[in-house]
>>> print(open('coords.tsv').read())   # TSV, C-alpha atoms
chain	number	residue	atom	x	y	z
A	249	MET	CA	193.40	138.53	132.27
A	250	SER	CA	191.37	140.77	129.97
A	251	SER	CA	187.81	140.00	128.95
A	252	ALA	CA	188.97	139.47	125.35
A	253	TRP	CA	191.19	136.58	126.49
A	254	ILE	CA	188.41	135.11	128.58
A	255	ASN	CA	185.99	135.35	125.66
A	256	ALA	CA	188.53	133.66	123.39
A	257	LEU	CA	189.08	130.86	125.91
A	258	ILE	CA	185.35	130.30	126.34
A	259	GLY	CA	184.79	130.39	122.58
A	260	GLY	CA	187.63	127.95	121.94
A	261	ALA	CA	186.35	125.60	124.62
A	262	LEU	CA	182.85	125.70	123.14
A	263	ILE	CA	184.22	124.92	119.66
A	264	GLY	CA	186.13	121.98	121.13
A	265	VAL	CA	183.09	120.69	123.00
A	266	ALA	CA	180.85	121.05	119.93
A	267	SER	CA	183.26	119.37	117.52
A	268	GLY	CA	184.12	116.63	120.03
A	269	SER	CA	180.46	115.99	120.75
A	270	LEU	CA	179.66	115.69	117.05
A	271	MET	CA	182.52	113.22	116.63
A	272	LEU	CA	181.49	111.17	119.66
A	273	ALA	CA	177.76	111.20	118.93
A	274	LEU	CA	177.74	110.76	115.15
A	275	GLY	CA	181.34	110.04	114.13
A	276	ARG	CA	181.32	113.19	111.97
A	277	ILE	CA	183.94	115.89	111.47
A	278	ALA	CA	182.73	119.41	112.30
A	279	GLY	CA	184.01	120.92	109.06
A	280	ILE	CA	181.70	123.75	108.14
A	281	SER	CA	182.14	123.40	104.38
A	282	GLY	CA	181.27	119.70	104.59
A	283	VAL	CA	178.26	120.35	106.81
A	284	PHE	CA	176.94	123.02	104.42
A	285	GLY	CA	177.87	120.96	101.37
A	286	GLY	CA	175.77	118.10	102.71
A	287	LEU	CA	172.77	120.42	102.84
A	288	VAL	CA	173.03	121.14	99.11
A	289	LYS	CA	172.28	117.49	98.29
A	290	PRO	CA	170.95	116.12	101.58
A	291	THR	CA	170.43	112.43	102.20
A	292	PRO	CA	167.50	111.20	104.26
A	293	GLU	CA	169.73	109.89	107.06
A	294	ASP	CA	171.83	112.97	107.76
A	295	TRP	CA	170.00	116.18	106.88
A	296	LYS	CA	168.53	116.60	110.40
A	297	TRP	CA	171.85	116.81	112.21
A	298	ARG	CA	173.23	119.15	109.54
A	299	VAL	CA	170.28	121.54	109.91
A	300	ALA	CA	170.58	121.35	113.71
A	301	PHE	CA	174.33	122.06	113.52
A	302	VAL	CA	173.88	125.12	111.27
A	303	ALA	CA	170.95	126.39	113.36
A	304	GLY	CA	173.05	125.96	116.50
A	305	MET	CA	175.91	127.98	114.98
A	306	ILE	CA	173.56	130.78	114.01
A	307	ALA	CA	171.78	130.75	117.39
A	308	ALA	CA	175.01	130.63	119.42
A	309	GLY	CA	176.58	133.44	117.42
A	310	SER	CA	173.45	135.56	117.71
A	311	ILE	CA	173.15	135.00	121.45
A	312	ALA	CA	176.82	135.81	122.00
A	313	ALA	CA	176.52	138.94	119.87
A	314	ILE	CA	173.39	140.19	121.60
A	315	TYR	CA	174.54	139.49	125.15
A	316	GLY	CA	178.14	140.45	124.41
A	317	GLY	CA	176.97	143.91	123.40
A	318	TRP	CA	178.42	143.96	119.91
A	319	PHE	CA	175.42	143.08	117.79
A	320	PRO	CA	175.39	145.63	114.96
A	321	LEU	CA	172.39	147.91	114.89
A	322	GLU	CA	173.01	148.77	111.25
A	323	PRO	CA	173.58	146.27	108.47
A	324	LEU	CA	177.22	145.45	107.95
A	325	ALA	CA	178.69	147.04	104.87
A	326	SER	CA	181.96	146.49	103.09
A	327	THR	CA	184.05	149.19	101.50
A	328	ARG	CA	185.30	146.66	98.95
A	329	PRO	CA	183.73	146.48	95.48
A	330	LEU	CA	181.12	143.76	95.03
A	331	PRO	CA	183.00	142.00	92.18
A	332	LEU	CA	186.06	141.68	94.45
A	333	LEU	CA	183.93	140.19	97.23
A	334	ILE	CA	182.33	137.72	94.81
A	335	ALA	CA	185.75	136.72	93.44
A	336	ALA	CA	187.07	136.26	96.98
A	337	GLY	CA	184.12	134.04	97.88
A	338	LEU	CA	184.62	131.93	94.76
A	339	LEU	CA	188.33	131.57	95.53
A	340	VAL	CA	187.54	130.43	99.07
A	341	GLY	CA	185.09	127.87	97.69
A	342	ALA	CA	187.66	126.65	95.14
A	343	GLY	CA	190.33	126.38	97.84
A	344	THR	CA	188.00	124.48	100.11
A	345	SER	CA	187.26	122.06	97.32
A	346	LEU	CA	190.95	121.62	96.42
A	347	ALA	CA	191.89	121.05	100.07
A	348	ASN	CA	189.03	118.59	100.63
A	349	GLY	CA	187.87	120.66	103.57
A	350	CYS	CA	187.96	124.02	105.29
A	351	THR	CA	189.90	125.58	108.12
A	352	SER	CA	187.47	124.28	110.72
A	353	GLY	CA	187.56	120.70	109.47
A	354	HIS	CA	191.33	120.59	109.02
A	355	GLY	CA	192.36	123.05	111.74
A	356	VAL	CA	190.11	122.00	114.58
A	357	CYS	CA	189.24	118.39	113.88
A	358	GLY	CA	192.00	117.19	111.57
A	359	LEU	CA	194.83	118.45	113.78
A	360	ALA	CA	193.15	116.93	116.83
A	361	LEU	CA	193.19	113.59	115.00
A	362	PHE	CA	196.91	114.05	114.11
A	363	SER	CA	196.13	114.06	110.39
A	364	THR	CA	199.21	114.81	108.27
A	365	ARG	CA	196.94	115.97	105.44
A	366	SER	CA	195.30	118.46	107.80
A	367	LEU	CA	198.67	119.71	109.03
A	368	VAL	CA	199.73	120.41	105.43
A	369	ALA	CA	196.37	122.06	104.68
A	370	VAL	CA	196.53	124.33	107.75
A	371	ALA	CA	200.14	125.31	106.98
A	372	THR	CA	199.02	126.16	103.44
A	373	PHE	CA	196.00	128.18	104.66
A	374	LEU	CA	198.08	130.17	107.13
A	375	GLY	CA	201.04	130.68	104.81
A	376	THR	CA	198.79	131.90	102.01
A	377	GLY	CA	196.97	134.21	104.42
A	378	PHE	CA	200.25	135.71	105.62
A	379	ILE	CA	201.48	136.27	102.07
A	380	VAL	CA	198.22	137.81	100.83
A	381	THR	CA	198.01	140.08	103.88
A	382	TYR	CA	201.59	141.23	103.38
A	383	VAL	CA	201.05	141.92	99.68
A	384	MET	CA	197.75	143.74	100.25
A	385	ARG	CA	198.99	145.90	103.14
A	386	HIS	CA	202.63	146.52	102.35
A	387	LEU	CA	203.08	146.17	98.62
A	388	LEU	CA	199.71	147.41	97.36
A	389	GLY	CA	198.99	149.76	100.28
A	390	SER	CA	195.42	148.51	100.69
A	391	HIS	CA	193.98	148.43	104.17
>>> encode(input="coords.tsv", output="structure tokens")
Amino acid sequence: MSSAWINALIGGALIGVASGSLMLALGRIAGISGVFGGLVKPTPEDWKWRVAFVAGMIAAGSIAAIYGGWFPLEPLASTRPLPLLIAAGLLVGAGTSLANGCTSGHGVCGLALFSTRSLVAVATFLGTGFIVTYVMRHLLGSH
């Protein structure tokens, strides 16, 4: 088994443990858009766990990047125009709002809870992603 598969298995297990722990400890879904959204207008009773969750994601990703040997030494840059990136970000935000959650909330937690709504949302996310990728790569020739 290659190291990429092992890394994916470890990462998936850690996501499962983190989302399961949050559900067991606080009864909350580990949907990233909901966690971040709750930080925009925090309530006194739940801002601490939200900050801890986000800090943990940043710390875990940083540690994995540094010790995994792929932490970029130069700032990441995109070859895409800034207006396109802004539009893409706004579309993701609009889609998250329309779907009442993001891929992590629906895909990891919702499917684990056998939510029909999450199954439909994940099928929509994936189907749209496949279509957009096909159009961008094969019809528009953009890589």
>>> atom_distance(input="coords.tsv", atom1="CA of Ile277 in chain A", atom2="CA of Gly349 in chain A")
10.0 Å
>>> atom_distance(input="coords.tsv", atom1="CA of Leu346 in chain A", atom2="CA of Thr327 in chain A")
28.9 Å
>>> closest_residue(input="coords.tsv", among="A:Gly353, A:Gly377, A:Gly343, A:Gly389", to="Gly268 in chain A", atoms="only C-alpha atoms")
A:Gly353
>>> residues_near_point(input="coords.tsv", point="(183.2, 116.2, 106.7)", cutoff="12 Å", atoms="all atoms listed in the file", output="PyMOL selection string")
chain A and resi 267+270-271+274-287+294+298+344-345+347-354+356-358
>>> closest_residue(input="coords.tsv", among="A:Leu262, A:Ala336, A:Ile254, A:Ala273", to="Gly304 in chain A", atoms="only C-alpha atoms")
A:Leu262
>>> atom_distance(input="coords.tsv", atom1="CA of Leu388 in chain A", atom2="CA of Arg328 in chain A")
14.5 Å
